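Read the structure below first, then the notes.
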Amino acid sequence: MEANDYLNINKQTWNNKVEVHVNSDFYDMDGFLKGKSTLNSIELDLLGDVSGKKVLHLQCHFGQDTMTFSRMGAKATGIDLSDKAIEKAIEINQKLNLDATFICCDIYDLPNHLDEKFDIVFTSYGTIGWFPDLDKWAKIISHFLKPDGKFVFAEFHPVVWMFDNNFKEVFYNYFNTEPIIEDESGTYADRYSEITAQTITWNHPISEVLNALISHGLEINCFNEFDYSPYNCFNNTEEFEQNKFRIKHLENKIPMVYSLSATKK
């Protein structure tokens with residue numbers, strides 16, 4: 001597989017998802033347009049007051065979180081690989097009369113598209129699995145942060161990605177041993193949609209994440225693990241409290257999400 005093949009394949013997959021996601025209950029576009037925030041307490045607790053801050057949001061999909069930052073008084077810039085997603089983000093941003101900025105590019109290539117420094121870099125939920133190399137990812141984060149700037153990250157726990165889709169057996173390696181090439185039908189926002197797609201992803205253990213950030217001059221301020229997901233995007237879930245989902249038969253026994261904040265030294 002050529003280096004850029006994964007980018008082209010995944011970009012096509014994400015382009016195909018945009019229309020389905022925009023119209024899904026999962027993304028609740030109606031609620032969002034009426035002012036609903038799309039950020040969860042997991043990341044809000046680490047972000048603090050973003051008013052007046054410059055925020056760079058990596059892998060923003062069609063920009064709901066980016067625009068939520070705008071509504072909170074931040075100067076927000078969202079980046080995504082999918083041109084269809086970015087087109088949609090720009091359209092919604094104009095409709096809502098917000099001042100978010102959107103750029104379509106591969107995250108690794110961002111320094112060729114953007115020449116600014118930010119108070120906060122943010123990325124969340126289902127993002128790093130699309131990268132083969134977290135060292136390059138951490139280098140990008142460090143590059144765009146001002147001195148003493150803050151990186152805030154929330155992500156599904158790598159333990160979750162070890163299981164088969166129904167969470168019946170340990171199927172994948174916890175460690176980043178090879179690309180995972182899969183054909184999927186449907187999408188997490190609408191399991192019954194007609195979408196079929198190939199995806200190329202990588203599993204990243206916690207140590208890989210932390211060491212990549214540390215090696216690029218980021219000091220880890222806190223690291224949290226949670227026994228639930230704020231999104232109902234897996235099979236065999238139960239909602240045990242409002243907007244808190246677990247794998248029913250695994251109860252609270254596995255970590256489902258982690259979050260961290262780090263400061264650029």
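We name chains A, B, ... following the order of the structure tokens; residues begin at 1 in each chain, and ligands are numbered from 1 as shown.
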
Quiz prompt | Shell around segment 56-61 of chain A at 7 Å using only C-alpha atoms, local window under 5 positions removed, as a list in words | solution = Thr66, Ala76, Thr77, Gly78, Ile79, Asp80, Ala85, Phe118, Ile120, Val121, Phe122, Thr123 and Thr127 of chain A

To test your reading of the structure, identify every residue in segment 31-174 of chain A that backbone DSSP assigns to helix (DSSP H, G or I), and report it as an mmCIF file with C-alpha atoms, in the first residue's frame.
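out_6.cif, freshly written:
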```
data_model
loop_
_atom_site.group_PDB
_atom_site.id
_atom_site.type_symbol
_atom_site.label_atom_id
_atom_site.label_comp_id
_atom_site.auth_asym_id
_atom_site.auth_seq_id
_atom_site.Cartn_x
_atom_site.Cartn_y
_atom_site.Cartn_z
ATOM 1 C CA GLY A 31 -30.855 20.917 17.895
ATOM 2 C CA PHE A 32 -27.449 22.265 16.889
ATOM 3 C CA LEU A 33 -28.924 24.959 14.630
ATOM 4 C CA SER A 41 -18.360 17.513 30.156
ATOM 5 C CA ILE A 42 -15.325 15.236 29.573
ATOM 6 C CA GLU A 43 -13.656 17.827 27.335
ATOM 7 C CA LEU A 44 -15.316 20.961 28.763
ATOM 8 C CA ASP A 45 -13.783 20.227 32.177
ATOM 9 C CA LEU A 46 -10.307 20.375 30.598
ATOM 10 C CA LEU A 47 -10.932 23.284 28.237
ATOM 11 C CA GLN A 64 -20.244 21.303 14.919
ATOM 12 C CA ASP A 65 -17.695 21.427 17.760
ATOM 13 C CA THR A 66 -15.726 24.152 15.952
ATOM 14 C CA MET A 67 -18.852 26.286 15.709
ATOM 15 C CA THR A 68 -19.706 25.506 19.342
ATOM 16 C CA PHE A 69 -16.332 27.074 20.213
ATOM 17 C CA SER A 70 -17.347 30.140 18.182
ATOM 18 C CA ARG A 71 -20.587 30.356 20.137
ATOM 19 C CA ASP A 83 -13.710 18.346 1.268
ATOM 20 C CA LYS A 84 -17.435 17.483 1.448
ATOM 21 C CA ALA A 85 -17.358 17.900 5.235
ATOM 22 C CA ILE A 86 -15.569 21.236 5.016
ATOM 23 C CA GLU A 87 -18.015 22.478 2.349
ATOM 24 C CA LYS A 88 -20.872 21.599 4.698
ATOM 25 C CA ALA A 89 -19.125 23.272 7.657
ATOM 26 C CA ILE A 90 -18.664 26.521 5.704
ATOM 27 C CA GLU A 91 -22.317 26.438 4.628
ATOM 28 C CA ILE A 92 -23.610 25.947 8.217
ATOM 29 C CA ASN A 93 -21.177 28.555 9.589
ATOM 30 C CA GLN A 94 -22.572 31.134 7.128
ATOM 31 C CA LYS A 95 -26.147 30.127 7.880
ATOM 32 C CA ILE A 107 -3.467 17.106 9.191
ATOM 33 C CA TYR A 108 0.174 16.140 8.525
ATOM 34 C CA ASP A 109 0.227 18.756 5.740
ATOM 35 C CA LEU A 110 -1.364 21.562 7.776
ATOM 36 C CA PRO A 111 1.796 23.761 8.069
ATOM 37 C CA ASN A 112 1.554 24.261 4.290
ATOM 38 C CA ILE A 128 -6.106 9.270 15.981
ATOM 39 C CA GLY A 129 -6.997 5.855 14.552
ATOM 40 C CA TRP A 130 -6.798 7.436 11.097
ATOM 41 C CA LEU A 134 1.507 9.685 16.118
ATOM 42 C CA ASP A 135 4.965 11.238 16.207
ATOM 43 C CA LYS A 136 4.039 13.370 13.172
ATOM 44 C CA TRP A 137 0.662 14.139 14.769
ATOM 45 C CA ALA A 138 2.249 15.366 18.005
ATOM 46 C CA LYS A 139 4.745 17.432 16.019
ATOM 47 C CA ILE A 140 1.820 19.226 14.301
ATOM 48 C CA ILE A 141 0.136 19.916 17.648
ATOM 49 C CA SER A 142 3.345 21.323 19.114
ATOM 50 C CA HIS A 143 3.987 23.412 15.978
ATOM 51 C CA PHE A 144 0.635 25.207 16.202
ATOM 52 C CA VAL A 160 -12.390 -0.684 23.136
ATOM 53 C CA TRP A 161 -10.666 -1.254 19.786
ATOM 54 C CA MET A 162 -9.334 -4.651 20.890
#
```

Exercise. Pick out the residues sitting within 8 Å of segment 186-198 of chain A, and hand them over as an NGL selection string; count only C-alpha atoms, and ignore anything fewer than 4 positions along from it in its own chain.
Key: :A and (9-10 or 13 or 16-17 or 20-21 or 24-27 or 181-182 or 233-234)

Could you take the residues named above and write them with N, CA, C and O atoms, as a PDB file, in the first residue's frame?
```
ATOM      1  N   ILE A   9      -8.339   6.612   0.245  1.00  0.00           N
ATOM      2  CA  ILE A   9      -9.409   5.666   0.596  1.00  0.00           C
ATOM      3  C   ILE A   9     -10.249   6.225   1.741  1.00  0.00           C
ATOM      4  O   ILE A   9     -11.482   6.231   1.687  1.00  0.00           O
ATOM      5  N   ASN A  10      -9.586   6.716   2.774  1.00  0.00           N
ATOM      6  CA  ASN A  10     -10.328   7.239   3.929  1.00  0.00           C
ATOM      7  C   ASN A  10     -11.063   8.538   3.589  1.00  0.00           C
ATOM      8  O   ASN A  10     -12.166   8.776   4.091  1.00  0.00           O
ATOM      9  N   THR A  13     -14.249   7.600   1.937  1.00  0.00           N
ATOM     10  CA  THR A  13     -15.166   7.062   2.946  1.00  0.00           C
ATOM     11  C   THR A  13     -15.846   8.193   3.727  1.00  0.00           C
ATOM     12  O   THR A  13     -17.062   8.189   3.918  1.00  0.00           O
ATOM     13  N   ASN A  16     -18.337  10.185   1.695  1.00  0.00           N
ATOM     14  CA  ASN A  16     -19.592   9.450   1.541  1.00  0.00           C
ATOM     15  C   ASN A  16     -20.473   9.529   2.791  1.00  0.00           C
ATOM     16  O   ASN A  16     -21.686   9.379   2.720  1.00  0.00           O
ATOM     17  N   LYS A  17     -19.856   9.728   3.948  1.00  0.00           N
ATOM     18  CA  LYS A  17     -20.621   9.747   5.201  1.00  0.00           C
ATOM     19  C   LYS A  17     -21.308  11.081   5.469  1.00  0.00           C
ATOM     20  O   LYS A  17     -22.265  11.143   6.235  1.00  0.00           O
ATOM     21  N   VAL A  20     -25.208  11.575   5.079  1.00  0.00           N
ATOM     22  CA  VAL A  20     -25.918  10.701   6.028  1.00  0.00           C
ATOM     23  C   VAL A  20     -25.772  11.239   7.449  1.00  0.00           C
ATOM     24  O   VAL A  20     -26.742  11.306   8.211  1.00  0.00           O
ATOM     25  N   HIS A  21     -24.555  11.663   7.818  1.00  0.00           N
ATOM     26  CA  HIS A  21     -24.318  12.166   9.174  1.00  0.00           C
ATOM     27  C   HIS A  21     -25.073  13.467   9.450  1.00  0.00           C
ATOM     28  O   HIS A  21     -25.659  13.639  10.514  1.00  0.00           O
ATOM     29  N   SER A  24     -28.570  12.688  10.292  1.00  0.00           N
ATOM     30  CA  SER A  24     -28.814  11.635  11.295  1.00  0.00           C
ATOM     31  C   SER A  24     -29.270  12.217  12.635  1.00  0.00           C
ATOM     32  O   SER A  24     -28.953  13.355  12.975  1.00  0.00           O
ATOM     33  N   ASP A  25     -29.996  11.406  13.393  1.00  0.00           N
ATOM     34  CA  ASP A  25     -30.357  11.782  14.774  1.00  0.00           C
ATOM     35  C   ASP A  25     -29.091  11.957  15.603  1.00  0.00           C
ATOM     36  O   ASP A  25     -29.039  12.772  16.518  1.00  0.00           O
ATOM     37  N   PHE A  26     -28.087  11.146  15.306  1.00  0.00           N
ATOM     38  CA  PHE A  26     -26.830  11.144  16.068  1.00  0.00           C
ATOM     39  C   PHE A  26     -26.251  12.564  16.152  1.00  0.00           C
ATOM     40  O   PHE A  26     -25.812  13.001  17.214  1.00  0.00           O
ATOM     41  N   TYR A  27     -26.230  13.270  15.031  1.00  0.00           N
ATOM     42  CA  TYR A  27     -25.646  14.614  15.000  1.00  0.00           C
ATOM     43  C   TYR A  27     -26.673  15.727  15.284  1.00  0.00           C
ATOM     44  O   TYR A  27     -26.298  16.886  15.382  1.00  0.00           O
ATOM     45  N   ILE A 181      -7.290  -3.003   7.827  1.00  0.00           N
ATOM     46  CA  ILE A 181      -8.030  -2.695   6.598  1.00  0.00           C
ATOM     47  C   ILE A 181      -9.364  -3.428   6.657  1.00  0.00           C
ATOM     48  O   ILE A 181      -9.405  -4.653   6.795  1.00  0.00           O
ATOM     49  N   GLU A 182     -10.448  -2.658   6.608  1.00  0.00           N
ATOM     50  CA  GLU A 182     -11.763  -3.271   6.775  1.00  0.00           C
ATOM     51  C   GLU A 182     -12.760  -2.717   5.766  1.00  0.00           C
ATOM     52  O   GLU A 182     -12.645  -1.575   5.321  1.00  0.00           O
ATOM     53  N   CYS A 233     -22.364   4.851  19.965  1.00  0.00           N
ATOM     54  CA  CYS A 233     -21.848   4.534  18.622  1.00  0.00           C
ATOM     55  C   CYS A 233     -21.280   3.115  18.531  1.00  0.00           C
ATOM     56  O   CYS A 233     -20.567   2.793  17.583  1.00  0.00           O
ATOM     57  N   PHE A 234     -21.577   2.287  19.527  1.00  0.00           N
ATOM     58  CA  PHE A 234     -21.100   0.897  19.506  1.00  0.00           C
ATOM     59  C   PHE A 234     -22.291  -0.057  19.571  1.00  0.00           C
ATOM     60  O   PHE A 234     -23.412   0.357  19.900  1.00  0.00           O
TER      61      PHE A 234
END
```

Quiz item: Running DSSP on the backbone, which parts of segment 25-258 of chain A land in strand (DSSP E or B), as number ranges by chain?
Solution: A: 54-58, 75-80, 101-104, 118-124, 145-156, 163, 170, 180-185, 187, 190, 196-201, 218-226, 229, 237-241, 244-247, 257-258

Shell of 8 Å around Phe156 of chain A, only C-alpha atoms, local chain residues under 4 positions omitted, as a PDB file with N, CA and C atoms, in the first residue's frame:
```
ATOM      1  N   TYR A 125     -12.548  12.159  19.935  1.00  0.00           N
ATOM      2  CA  TYR A 125     -13.407  11.006  19.603  1.00  0.00           C
ATOM      3  C   TYR A 125     -13.268  10.469  18.180  1.00  0.00           C
ATOM      4  N   GLY A 126     -12.534   9.392  18.080  1.00  0.00           N
ATOM      5  CA  GLY A 126     -12.409   8.712  16.796  1.00  0.00           C
ATOM      6  C   GLY A 126     -11.487   9.416  15.832  1.00  0.00           C
ATOM      7  N   VAL A 160     -11.154  -0.492  23.914  1.00  0.00           N
ATOM      8  CA  VAL A 160     -12.390  -0.684  23.136  1.00  0.00           C
ATOM      9  C   VAL A 160     -12.086  -1.279  21.760  1.00  0.00           C
ATOM     10  N   SER A 229     -19.060   5.883  27.384  1.00  0.00           N
ATOM     11  CA  SER A 229     -18.906   6.745  26.210  1.00  0.00           C
ATOM     12  C   SER A 229     -20.054   7.753  26.212  1.00  0.00           C
ATOM     13  N   MET A 256     -13.716   3.145  28.465  1.00  0.00           N
ATOM     14  CA  MET A 256     -14.258   3.385  27.118  1.00  0.00           C
ATOM     15  C   MET A 256     -13.732   4.666  26.482  1.00  0.00           C
ATOM     16  N   VAL A 257     -13.347   5.621  27.323  1.00  0.00           N
ATOM     17  CA  VAL A 257     -12.866   6.911  26.830  1.00  0.00           C
ATOM     18  C   VAL A 257     -11.722   7.361  27.730  1.00  0.00           C
ATOM     19  N   TYR A 258     -10.776   8.100  27.181  1.00  0.00           N
ATOM     20  CA  TYR A 258      -9.790   8.784  28.030  1.00  0.00           C
ATOM     21  C   TYR A 258      -9.691  10.228  27.576  1.00  0.00           C
TER      22      TYR A 258
END
```

Quiz item: In Å to one decimal, how far is atom CA of Gly63 of chain A from atom CA of Asp30 of chain A?
Solution: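 Distance between the two atoms: 14.4 Å.
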
Quiz prompt | Counting only C-alpha atoms, the option among A:Asp164, A:Asp28, A:Glu251, A:Glu155 closest to Asp227 of chain A | solution =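 Of A:Asp164, A:Asp28, A:Glu251, A:Glu155, the one nearest Asp227 of chain A is A:Glu251, counting only C-alpha atoms.
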
Quiz item: Which residue gives the smallest distance to Val152 of chain A among A:Lys264, A:His204, A:Lys248, A:Lys36, with only C-alpha atoms counted?
Solution: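 Among the listed residues, the smallest separation from Val152 of chain A belongs to A:Lys264.
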
Self-check item: Selection: 9 Å around Tyr231 of chain A, only C-alpha atoms, excl. self and same-chain fewer than 4 positions, as a ChimeraX atom specification
Solution: /A:26,243-245

Quiz prompt | Atom pair atom CA of Gln12 of chain A / atom CA of Phe131 of chain A: separation (Å) | solution =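 A separation of 15.6 Å between them.
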
Self-check item: Nearest-residue call for Glu208 of chain A, choices A:Glu178, A:Asp49, A:Asp133, A:Glu116, using only C-alpha atoms
Solution: A:Asp133

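Atom CA of Thr263 of chain A is positioned 8.3 Å from atom CA of Gly217 of chain A.
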